[in-house]
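Text of work_39.tsv (TSV, C-alpha atoms) as supplied:
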chain	number	residue	atom	x	y	z
B	824	MET	CA	-36.14	7.07	111.59
B	825	ALA	CA	-38.52	6.66	108.63
B	826	ARG	CA	-41.71	8.63	108.93
B	827	THR	CA	-44.95	8.94	106.98
B	828	VAL	CA	-46.91	12.20	107.10
B	829	PHE	CA	-50.59	12.47	106.18
B	830	ARG	CA	-51.11	16.10	105.25
B	831	GLU	CA	-54.20	18.29	104.78
B	832	VAL	CA	-56.49	15.41	105.64
B	833	ARG	CA	-59.79	15.22	107.52
B	834	ILE	CA	-59.26	13.05	110.60
B	835	PHE	CA	-61.92	10.85	112.20
B	836	ASP	CA	-60.26	9.83	115.44
B	837	GLY	CA	-62.63	6.99	116.37
B	838	HIS	CA	-65.30	9.20	117.89
B	839	ARG	CA	-65.47	12.46	115.94
B	840	VAL	CA	-63.85	14.57	113.27
B	841	HIS	CA	-60.62	15.90	114.72
B	842	PRO	CA	-59.63	19.56	114.32
B	843	ASP	CA	-56.06	18.60	113.33
B	844	ASP	CA	-55.15	18.04	109.70
B	845	THR	CA	-51.77	16.28	109.92
B	846	VAL	CA	-50.78	12.86	111.25
B	847	VAL	CA	-47.16	11.76	111.62
B	848	VAL	CA	-46.37	8.03	111.77
B	849	ALA	CA	-43.04	6.59	112.90
B	850	ASP	CA	-41.99	3.00	113.67
B	851	GLY	CA	-45.47	1.64	113.14
B	852	ARG	CA	-47.16	4.01	115.57
B	853	ILE	CA	-48.83	7.37	115.46
B	854	GLU	CA	-46.20	9.83	116.62
B	855	THR	CA	-48.24	13.02	116.69
B	856	THR	CA	-51.20	14.87	115.24
B	857	GLY	CA	-51.57	18.60	114.70
B	858	ARG	CA	-52.38	21.40	112.30
B	859	ARG	CA	-50.03	22.12	109.41
B	860	LEU	CA	-47.11	20.46	111.14
B	861	THR	CA	-43.66	20.77	109.60
B	862	VAL	CA	-42.82	17.72	107.54
B	863	PRO	CA	-39.69	16.02	108.94
B	864	ALA	CA	-36.79	15.71	106.53
B	865	GLY	CA	-36.97	12.52	104.50
B	866	ALA	CA	-40.55	11.73	105.46
B	867	GLU	CA	-42.90	10.15	102.95
B	868	VAL	CA	-45.83	12.54	102.40
B	869	VAL	CA	-49.36	11.32	101.70
B	870	GLU	CA	-51.50	14.16	100.41
B	871	GLY	CA	-54.95	13.91	101.97
B	872	LYS	CA	-56.83	16.87	100.58
B	873	GLY	CA	-60.46	15.90	100.03
B	874	CYS	CA	-59.94	12.63	101.92
B	875	THR	CA	-60.64	11.29	105.41
B	876	LEU	CA	-58.18	9.33	107.52
B	877	LEU	CA	-59.80	6.71	109.77
B	878	PRO	CA	-58.48	4.20	112.28
B	879	GLY	CA	-58.16	0.74	110.75
B	880	LEU	CA	-61.58	-0.92	110.90
B	881	ILE	CA	-62.36	-3.78	113.28
B	882	ASP	CA	-64.83	-6.49	112.25
B	883	ALA	CA	-66.27	-7.68	115.56
B	884	HIS	CA	-67.76	-10.92	114.22
B	885	THR	CA	-66.07	-13.07	111.59
B	886	HIS	CA	-65.02	-16.65	110.92
B	887	ILE	CA	-61.60	-16.99	109.29
B	888	VAL	CA	-61.53	-19.27	106.25
B	889	GLY	CA	-58.96	-19.34	103.45
B	890	ALA	CA	-57.69	-15.90	102.42
B	891	ALA	CA	-60.06	-14.03	104.77
B	892	LEU	CA	-57.37	-12.06	106.60
B	893	ARG	CA	-55.72	-10.96	103.36
B	894	GLN	CA	-59.01	-9.94	101.77
B	895	ALA	CA	-60.13	-8.07	104.88
B	896	LEU	CA	-56.98	-5.97	104.92
B	897	VAL	CA	-57.50	-4.92	101.29
B	898	TRP	CA	-60.59	-3.06	102.53
B	899	GLY	CA	-58.96	-1.43	105.54
B	900	VAL	CA	-60.24	-3.99	108.04
B	901	THR	CA	-57.03	-4.27	110.01
B	902	THR	CA	-58.42	-6.48	112.81
B	903	GLU	CA	-60.82	-9.42	112.58
B	904	LEU	CA	-62.45	-10.91	115.68
B	905	ASP	CA	-63.20	-14.55	114.93
B	906	MET	CA	-66.23	-15.95	116.74
B	907	ALA	CA	-65.75	-19.74	116.44
B	908	ASN	CA	-63.06	-21.74	114.71
B	909	PHE	CA	-60.56	-24.56	115.02
B	910	PRO	CA	-57.78	-23.87	117.56
B	911	ASP	CA	-54.97	-25.19	115.35
B	912	ARG	CA	-56.11	-22.99	112.46
B	913	MET	CA	-56.24	-19.94	114.72
B	914	ALA	CA	-52.84	-20.66	116.26
B	915	ALA	CA	-51.28	-20.97	112.81
B	916	ALA	CA	-52.94	-17.74	111.64
B	917	LYS	CA	-51.71	-15.85	114.70
B	918	LYS	CA	-48.18	-17.19	114.22
B	919	GLU	CA	-48.27	-16.01	110.62
B	920	GLN	CA	-48.82	-12.47	111.86
B	921	ASP	CA	-45.19	-12.35	112.97
B	922	GLY	CA	-43.80	-13.84	109.74
B	923	PRO	CA	-42.98	-12.31	106.37
B	924	LEU	CA	-46.64	-12.37	105.29
B	925	GLY	CA	-47.91	-10.62	108.42
B	926	SER	CA	-47.97	-7.18	106.82
B	927	SER	CA	-50.49	-8.43	104.24
B	928	LEU	CA	-52.91	-9.94	106.79
B	929	ALA	CA	-55.44	-8.41	109.14
B	930	ASP	CA	-54.66	-8.91	112.83
B	931	LEU	CA	-56.61	-11.71	114.51
B	932	ARG	CA	-58.31	-12.59	117.79
B	933	SER	CA	-60.54	-15.65	118.22
B	934	ALA	CA	-62.97	-17.47	120.48
B	935	CYS	CA	-61.68	-20.78	119.02
B	936	CYS	CA	-64.24	-23.49	119.90
B	937	ALA	CA	-67.64	-22.12	120.95
B	938	ALA	CA	-69.67	-23.77	123.69
B	939	THR	CA	-72.34	-26.06	122.26
B	940	VAL	CA	-73.98	-29.43	122.89
B	941	PRO	CA	-73.41	-32.68	121.01
B	942	GLY	CA	-75.22	-32.43	117.68
B	943	GLY	CA	-75.90	-28.72	118.18
B	944	HIS	CA	-74.91	-25.57	116.34
B	945	GLY	CA	-71.37	-26.16	115.15
B	946	SER	CA	-70.96	-29.71	116.45
B	947	ALA	CA	-73.63	-31.07	114.09
B	948	ARG	CA	-71.32	-30.28	111.18
B	949	PHE	CA	-68.02	-30.77	113.01
B	950	PRO	CA	-68.60	-33.57	115.57
B	951	GLU	CA	-64.92	-33.54	116.57
B	952	ILE	CA	-65.16	-30.19	118.35
B	953	PRO	CA	-65.50	-30.19	122.17
B	954	THR	CA	-69.01	-29.99	123.63
B	955	LEU	CA	-70.70	-29.94	127.01
B	956	THR	CA	-74.13	-30.68	128.41
B	957	GLU	CA	-74.29	-30.09	132.16
B	958	PRO	CA	-73.53	-26.98	134.24
B	959	GLU	CA	-70.92	-28.97	136.19
B	960	GLU	CA	-68.83	-29.21	133.01
B	961	ALA	CA	-68.63	-25.45	132.53
B	962	ALA	CA	-65.45	-24.66	134.48
B	963	GLY	CA	-63.47	-27.40	132.76
B	964	PHE	CA	-64.79	-26.33	129.38
B	965	VAL	CA	-63.72	-22.72	129.90
B	966	ASP	CA	-60.30	-23.75	131.20
B	967	ALA	CA	-59.77	-25.89	128.10
B	968	ARG	CA	-60.67	-22.96	125.84
B	969	ILE	CA	-58.18	-20.73	127.61
B	970	THR	CA	-55.50	-23.39	127.21
B	971	GLU	CA	-56.18	-23.71	123.48
B	972	GLY	CA	-55.71	-19.96	123.02
B	973	SER	CA	-59.22	-18.48	123.10
B	974	ASP	CA	-59.21	-14.71	123.53
B	975	TYR	CA	-62.87	-14.65	124.67
B	976	ILE	CA	-65.67	-17.18	125.14
B	977	LYS	CA	-68.50	-17.70	122.65
B	978	ILE	CA	-71.66	-19.69	123.46
B	979	HIS	CA	-74.20	-21.02	120.96
B	980	TYR	CA	-77.62	-20.63	122.56
B	981	ASP	CA	-80.66	-20.38	120.29
B	982	ASP	CA	-83.59	-22.38	119.00
B	983	GLY	CA	-81.86	-23.49	115.81
B	984	GLN	CA	-84.24	-21.51	113.64
B	985	VAL	CA	-81.56	-20.67	111.07
B	986	SER	CA	-79.09	-23.52	111.51
B	987	GLY	CA	-81.86	-26.09	111.57
B	988	HIS	CA	-83.43	-24.81	108.38
B	989	MET	CA	-80.08	-25.09	106.62
B	990	ASP	CA	-80.42	-28.89	106.64
B	991	GLY	CA	-84.13	-29.30	107.33
B	992	SER	CA	-83.73	-30.32	110.95
B	993	THR	CA	-84.14	-28.99	114.45
B	994	LEU	CA	-80.87	-28.81	116.32
B	995	PRO	CA	-80.49	-29.42	120.07
B	996	VAL	CA	-79.37	-26.40	122.07
B	997	ILE	CA	-77.48	-25.81	125.26
B	998	ARG	CA	-79.71	-25.43	128.33
B	999	LYS	CA	-80.07	-22.04	129.97
B	1000	GLU	CA	-78.55	-23.35	133.20
B	1001	THR	CA	-75.47	-24.62	131.37
B	1002	MET	CA	-75.11	-21.38	129.44
B	1003	ALA	CA	-75.25	-19.45	132.72
B	1004	ALA	CA	-72.61	-21.72	134.24
B	1005	VAL	CA	-70.25	-21.16	131.29
B	1006	ILE	CA	-70.75	-17.40	131.60
B	1007	ALA	CA	-70.06	-17.51	135.33
B	1008	ALA	CA	-66.92	-19.60	134.87
B	1009	ALA	CA	-65.65	-17.27	132.15
B	1010	ARG	CA	-66.31	-14.18	134.27
B	1011	GLU	CA	-64.42	-15.73	137.20
B	1012	ARG	CA	-61.42	-16.09	134.88
B	1013	GLY	CA	-61.68	-12.57	133.49
B	1014	MET	CA	-62.86	-13.70	130.08
B	1015	LEU	CA	-65.34	-11.77	127.94
B	1016	THR	CA	-68.43	-13.79	126.98
B	1017	LEU	CA	-70.58	-13.48	123.87
B	1018	VAL	CA	-73.72	-15.47	123.12
B	1019	HIS	CA	-75.18	-16.45	119.75
B	1020	THR	CA	-78.97	-16.21	119.87
B	1021	GLY	CA	-81.71	-16.40	117.26
B	1022	THR	CA	-84.84	-15.11	119.00
B	1023	VAL	CA	-85.86	-12.26	121.26
B	1024	ARG	CA	-86.42	-14.64	124.15
B	1025	ALA	CA	-83.04	-16.32	123.70
B	1026	ALA	CA	-81.31	-12.92	123.62
B	1027	LEU	CA	-83.01	-11.90	126.85
B	1028	ASP	CA	-82.08	-15.25	128.43
B	1029	ALA	CA	-78.43	-14.64	127.59
B	1030	VAL	CA	-78.49	-11.11	128.94
B	1031	GLU	CA	-80.20	-12.18	132.15
B	1032	ALA	CA	-77.64	-14.98	132.55
B	1033	GLY	CA	-74.85	-12.42	132.70
B	1034	ALA	CA	-73.38	-12.42	129.18
B	1035	HIS	CA	-71.21	-9.45	128.33
B	1036	GLY	CA	-72.57	-9.24	124.79
B	1037	LEU	CA	-74.76	-10.64	122.04
B	1038	ALA	CA	-72.98	-11.95	118.96
B	1039	HIS	CA	-76.03	-11.11	116.80
B	1040	LEU	CA	-79.26	-9.18	116.94
B	1041	LEU	CA	-80.93	-11.92	114.95
B	1042	VAL	CA	-84.57	-12.06	116.03
B	1043	GLU	CA	-87.75	-13.69	114.75
B	1044	ARG	CA	-89.92	-10.64	115.39
B	1045	ALA	CA	-89.54	-6.90	115.77
B	1046	PRO	CA	-89.02	-6.13	119.47
B	1047	GLY	CA	-90.33	-3.05	121.20
B	1048	PRO	CA	-88.41	-0.48	123.24
B	1049	GLU	CA	-88.34	-2.78	126.28
B	1050	PHE	CA	-85.88	-5.04	124.44
B	1051	GLY	CA	-83.20	-2.36	124.22
B	1052	GLU	CA	-84.02	-1.12	127.72
B	1053	THR	CA	-83.36	-4.60	129.14
B	1054	LEU	CA	-80.04	-4.85	127.31
B	1055	ALA	CA	-79.02	-1.41	128.56
B	1056	ARG	CA	-80.03	-2.19	132.14
B	1057	HIS	CA	-77.73	-5.23	132.11
B	1058	GLY	CA	-74.85	-3.28	130.57
B	1059	VAL	CA	-74.33	-5.53	127.56
B	1060	PHE	CA	-73.08	-4.74	124.07
B	1061	ALA	CA	-74.46	-6.14	120.82
B	1062	ILE	CA	-73.07	-6.98	117.39
B	1063	PRO	CA	-76.05	-6.66	115.00
B	1064	THR	CA	-74.52	-8.48	111.94
B	1065	LEU	CA	-77.17	-6.92	109.68
B	1066	SER	CA	-75.07	-7.78	106.65
B	1067	MET	CA	-75.31	-11.48	107.53
B	1068	VAL	CA	-79.09	-11.17	107.81
B	1069	GLU	CA	-79.16	-9.44	104.42
B	1070	LEU	CA	-76.97	-12.16	102.91
B	1071	PHE	CA	-79.17	-14.96	104.25
B	1072	SER	CA	-82.31	-13.18	103.06
B	1073	GLY	CA	-81.15	-13.48	99.44
B	1074	SER	CA	-81.34	-9.71	98.96
B	1075	THR	CA	-81.01	-8.68	95.31
B	1076	GLU	CA	-79.86	-5.23	96.44
B	1077	LEU	CA	-76.70	-6.79	97.86
B	1078	GLY	CA	-75.70	-7.71	94.32
B	1079	THR	CA	-75.43	-4.06	93.35
B	1080	LEU	CA	-72.20	-3.78	95.35
B	1081	ALA	CA	-70.42	-5.16	92.31
B	1082	ASP	CA	-71.67	-2.22	90.23
B	1083	GLU	CA	-69.52	0.25	92.14
B	1084	PRO	CA	-66.23	0.93	90.31
B	1085	ALA	CA	-64.36	1.40	93.58
B	1086	VAL	CA	-65.55	-2.01	94.74
B	1087	ALA	CA	-65.62	-4.51	91.89
B	1088	GLY	CA	-61.92	-4.31	91.02
B	1089	HIS	CA	-60.88	-5.38	94.51
B	1090	LEU	CA	-63.20	-8.33	95.03
B	1091	ALA	CA	-62.16	-11.96	94.91
B	1092	PRO	CA	-63.78	-14.12	92.18
B	1093	GLU	CA	-65.89	-15.99	94.73
B	1094	ASP	CA	-67.24	-12.67	96.06
B	1095	LEU	CA	-68.15	-11.53	92.56
B	1096	ALA	CA	-69.90	-14.84	91.93
B	1097	LEU	CA	-71.87	-14.51	95.17
B	1098	LEU	CA	-72.97	-10.97	94.33
B	1099	GLU	CA	-74.05	-12.09	90.87
B	1100	ARG	CA	-76.27	-14.78	92.42
B	1101	HIS	CA	-77.89	-12.14	94.59
B	1102	ARG	CA	-78.34	-9.76	91.67
B	1103	ALA	CA	-80.00	-12.56	89.68
B	1104	GLY	CA	-82.25	-13.57	92.56
B	1105	THR	CA	-80.82	-17.10	92.67
B	1106	ALA	CA	-79.02	-16.83	96.02
B	1107	ARG	CA	-80.11	-19.23	98.74
B	1108	ARG	CA	-82.74	-17.76	101.05
B	1109	LEU	CA	-83.06	-18.65	104.71
B	1110	PRO	CA	-85.86	-17.76	107.17
B	1111	VAL	CA	-84.44	-14.51	108.51
B	1112	ASP	CA	-86.26	-11.21	108.89
B	1113	PRO	CA	-84.13	-8.17	108.00
B	1114	ALA	CA	-86.87	-5.78	109.16
B	1115	ALA	CA	-87.02	-7.44	112.58
B	1116	ALA	CA	-83.23	-7.32	112.94
B	1117	GLU	CA	-83.25	-3.64	112.00
B	1118	ALA	CA	-85.97	-2.99	114.59
B	1119	ALA	CA	-83.81	-4.72	117.22
B	1120	VAL	CA	-80.93	-2.39	116.31
B	1121	ARG	CA	-83.19	0.66	116.66
B	1122	SER	CA	-84.45	-0.54	120.03
B	1123	ALA	CA	-80.92	-1.16	121.31
B	1124	HIS	CA	-79.52	2.06	119.88
B	1125	HIS	CA	-82.33	4.18	121.32
B	1126	ALA	CA	-81.63	2.69	124.75
B	1127	GLY	CA	-77.92	3.49	124.51
B	1128	VAL	CA	-76.64	-0.08	124.12
B	1129	PRO	CA	-73.08	-0.11	122.71
B	1130	LEU	CA	-73.25	-1.47	119.16
B	1131	LEU	CA	-70.25	-3.01	117.42
B	1132	ALA	CA	-69.97	-3.50	113.67
B	1133	GLY	CA	-69.58	-7.13	112.64
B	1134	THR	CA	-70.43	-9.18	109.58
B	1135	ASP	CA	-70.40	-12.89	110.53
B	1136	ALA	CA	-68.43	-13.33	107.30
B	1137	VAL	CA	-67.35	-16.91	106.67
B	1138	MET	CA	-66.77	-17.87	103.03
B	1139	TRP	CA	-67.44	-14.53	101.38
B	1140	LEU	CA	-67.21	-10.74	101.62
B	1141	HIS	CA	-64.49	-10.36	104.21
B	1142	GLY	CA	-63.60	-6.68	104.31
B	1143	ILE	CA	-66.15	-5.24	101.90
B	1144	GLY	CA	-68.91	-6.80	104.02
B	1145	LEU	CA	-68.01	-4.51	106.91
B	1146	HIS	CA	-68.43	-1.46	104.68
B	1147	ARG	CA	-71.91	-2.75	103.81
B	1148	GLU	CA	-72.57	-3.31	107.53
B	1149	LEU	CA	-71.81	0.35	108.19
B	1150	GLU	CA	-74.36	1.37	105.57
B	1151	LEU	CA	-77.00	-0.92	107.07
B	1152	LEU	CA	-76.33	0.41	110.58
B	1153	VAL	CA	-76.96	3.94	109.32
B	1154	ARG	CA	-80.21	2.78	107.71
B	1155	ALA	CA	-81.18	1.36	111.09
B	1156	GLY	CA	-80.78	4.74	112.78
B	1157	LEU	CA	-77.13	5.28	113.66
B	1158	THR	CA	-75.50	8.46	112.45
B	1159	PRO	CA	-72.48	7.97	110.16
B	1160	PRO	CA	-70.05	8.92	112.96
B	1161	GLU	CA	-71.79	6.47	115.32
B	1162	ALA	CA	-71.46	3.72	112.73
B	1163	LEU	CA	-67.77	4.51	112.26
B	1164	THR	CA	-67.23	4.37	116.02
B	1165	ALA	CA	-68.95	0.96	116.00
B	1166	ALA	CA	-66.17	-0.26	113.69
B	1167	THR	CA	-63.23	1.44	115.42
B	1168	ALA	CA	-63.12	2.79	118.97
B	1169	ALA	CA	-66.09	0.80	120.31
B	1170	PRO	CA	-64.84	-2.73	119.54
B	1171	ALA	CA	-61.32	-1.75	120.59
B	1172	ARG	CA	-62.69	-0.69	123.99
B	1173	VAL	CA	-64.97	-3.70	124.49
B	1174	PHE	CA	-62.32	-6.25	123.52
B	1175	SER	CA	-59.55	-4.44	125.43
B	1176	LEU	CA	-57.54	-3.69	122.29
B	1177	SER	CA	-56.09	-0.57	123.84
B	1178	ASP	CA	-53.45	-0.09	121.15
B	1179	ARG	CA	-55.86	0.52	118.24
B	1180	GLY	CA	-59.28	1.76	117.16
B	1181	ARG	CA	-58.42	5.47	117.48
B	1182	ILE	CA	-56.08	7.99	115.92
B	1183	ALA	CA	-54.00	9.29	118.82
B	1184	PRO	CA	-50.29	9.49	119.66
B	1185	GLY	CA	-48.78	6.18	120.74
B	1186	LEU	CA	-51.38	3.94	119.11
B	1187	ARG	CA	-50.78	1.50	116.27
B	1188	ALA	CA	-50.68	3.13	112.86
B	1189	ASP	CA	-53.45	0.92	111.48
B	1190	LEU	CA	-55.07	3.44	109.14
B	1191	LEU	CA	-57.59	3.73	106.32
B	1192	LEU	CA	-57.61	6.66	103.89
B	1193	VAL	CA	-60.80	7.19	101.87
B	1194	ALA	CA	-61.94	9.80	99.39
B	1195	GLY	CA	-64.75	12.04	100.59
B	1196	ASP	CA	-66.34	12.35	104.01
B	1197	PRO	CA	-67.86	9.17	105.48
B	1198	THR	CA	-69.04	11.13	108.53
B	1199	VAL	CA	-71.61	12.64	106.14
B	1200	ASP	CA	-72.01	9.86	103.55
B	1201	ILE	CA	-71.15	6.48	105.05
B	1202	ARG	CA	-70.74	4.94	101.60
B	1203	ALA	CA	-67.55	6.97	101.19
B	1204	THR	CA	-65.68	4.34	103.23
B	1205	ARG	CA	-65.66	2.18	100.08
B	1206	ALA	CA	-63.63	4.74	98.12
B	1207	VAL	CA	-60.38	3.42	99.56
B	1208	ARG	CA	-57.27	5.42	98.71
B	1209	GLY	CA	-54.87	3.52	100.92
B	1210	VAL	CA	-54.51	1.10	103.83
B	1211	TRP	CA	-51.67	0.98	106.35
B	1212	LYS	CA	-50.96	-1.73	108.92
B	1213	ARG	CA	-48.44	-0.76	111.61
B	1214	GLY	CA	-47.44	2.14	109.40
B	1215	ALA	CA	-46.64	0.01	106.33
B	1216	GLN	CA	-48.80	0.63	103.28
B	1217	VAL	CA	-50.72	-2.43	102.09
B	1218	THR	CA	-50.68	-3.54	98.46
B	1219	ARG	CA	-54.34	-3.66	97.54
B	1220	GLN	CA	-55.01	-6.78	95.54
B	1221	PRO	CA	-58.12	-8.96	95.76

Conversion result in structure tokens:
Amino acid sequence: MARTVFREVRIFDGHRVHPDDTVVVADGRIETTGRRLTVPAGAEVVEGKGCTLLPGLIDAHTHIVGAALRQALVWGVTTELDMANFPDRMAAAKKEQDGPLGSSLADLRSACCAATVPGGHGSARFPEIPTLTEPEEAAGFVDARITEGSDYIKIHYDDGQVSGHMDGSTLPVIRKETMAAVIAAARERGMLTLVHTGTVRAALDAVEAGAHGLAHLLVERAPGPEFGETLARHGVFAIPTLSMVELFSGSTELGTLADEPAVAGHLAPEDLALLERHRAGTARRLPVDPAAAEAAVRSAHHAGVPLLAGTDAVMWLHGIGLHRELELLVRAGLTPPEALTAATAAPARVFSLSDRGRIAPGLRADLLLVAGDPTVDIRATRAVRGVWKRGAQVTRQP
């Protein structure tokens, strides 16, 4: 049996730095961990001195387009959770996981078609996707999503403040009663529900309607402590997507990512072009408030709301965007270990991915090796030394 041994390495197990310093991988799974274990005969040895071994990262909010799954894996994002997409595209991408190219692609789960109204968020641009209007349609809508292969249910419920400004219009939105009916139908069928919101009030509506989680913490104003307290009282989780807010804000600081030697050489041309637009101050700006979104994160974090790292990446920055998200979460008040948990063990637990997200015997050997100690300096996650999916090392090409 072929084995890979990571030796003399710092181990972040999904929650904390582990006292062991050796990880043995066999047949795509973690076989054992320990201190100074004997290297089995014939094993491949990866020297980890000065490095940290992490579980493969999980991006809890993406939209798969083009080479997204390949580019994500280059950066150690071994699982992408898609939050609205075409069912046939998702089915084909999942099938590809089991083919010859599967080892070069991040693993995938998807909501497929999100719940929205005719002419609303999503359906305004793609009128062929299914929609609903009345609460009585909710059960049938959810059943159809399950049939098409949805792994969880996503609902678009906001005031259109961002989507509407994209094309200078105000978009219709699903009614609160219909949203609540979709959530209830999904819960009856054992499906996780996430809601896209764009204001404090909309987020609270979703929480009070019984949603399991918020797909963003995109808000129009900085909320106070009562915001996080309400989320905590209802037992929801939240995916802040601060990197999406930064992207939409036109931030020139985002462009400096391309200045980092460990980063630039592994970015796709379209990512480099995007970062150059941000550096030059010519990137498109939308009416988002990064400071308000950061305040929402602080409120939720202080109240103990589970936070999951997600980027809302669509056309650009799959993979590297999650590393930026980790940095922004730390700026918003999370400790580096808490941010790392938000990209590993926490999303694995919330989305019932029990075979990943931690370094422990029996789990998938989806692993990320980085130079330095990201539990002290979160930016160290970008210094990638190697990526493994199911125990097989990934060729890192943009």

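Here the question is which of B:Asn908, B:Thr861, B:Thr1158, B:Thr875 gets nearest to Phe835 (chain B) using all atoms listed in the file, and that residue is B:Thr875.
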
Inset, instruction - Choose the residue, out of B:Ile834, B:Gly945, B:Asp1135, B:Ala1116, that has the smallest atom-to-atom separation from Arg1044 (chain B); count all atoms listed in the file. - result: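 Of B:Ile834, B:Gly945, B:Asp1135, B:Ala1116, the one nearest Arg1044 (chain B), counting all atoms listed in the file, is B:Ala1116.
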
Inset, instruction - List every protein, DNA or RNA residue that has at least one atom no more than 12 Å from (-73.9, 8.3, 107.2) in the file's coordinates, counting all atoms listed in the file, and write the result as number ranges by chain. - result: B: 1146-1164, 1195-1204

Inset, instruction - Tell me which protein, DNA and RNA residues are within 7 Å of Gly899 (chain B), counting all atoms listed in the file, leaving out same-chain ones fewer than 2 positions away, and put them as JSON, numbers by chain. - result: {"B": [879, 880, 895, 896, 897, 901, 1191, 1210]}

Legend entry - Distance of CA of Phe909 (chain B) from CA of Val1137 (chain B), expressed in Å to one decimal place: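 Straight-line distance from CA of Val1137 (chain B) to CA of Phe909 (chain B) works out to 13.2 Å.
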
Legend entry - d(CA of Val1128 (chain B), CA of Ile1143 (chain B)) in Å: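 We find that CA of Val1128 (chain B) and CA of Ile1143 (chain B) lie 25.1 Å from each other.
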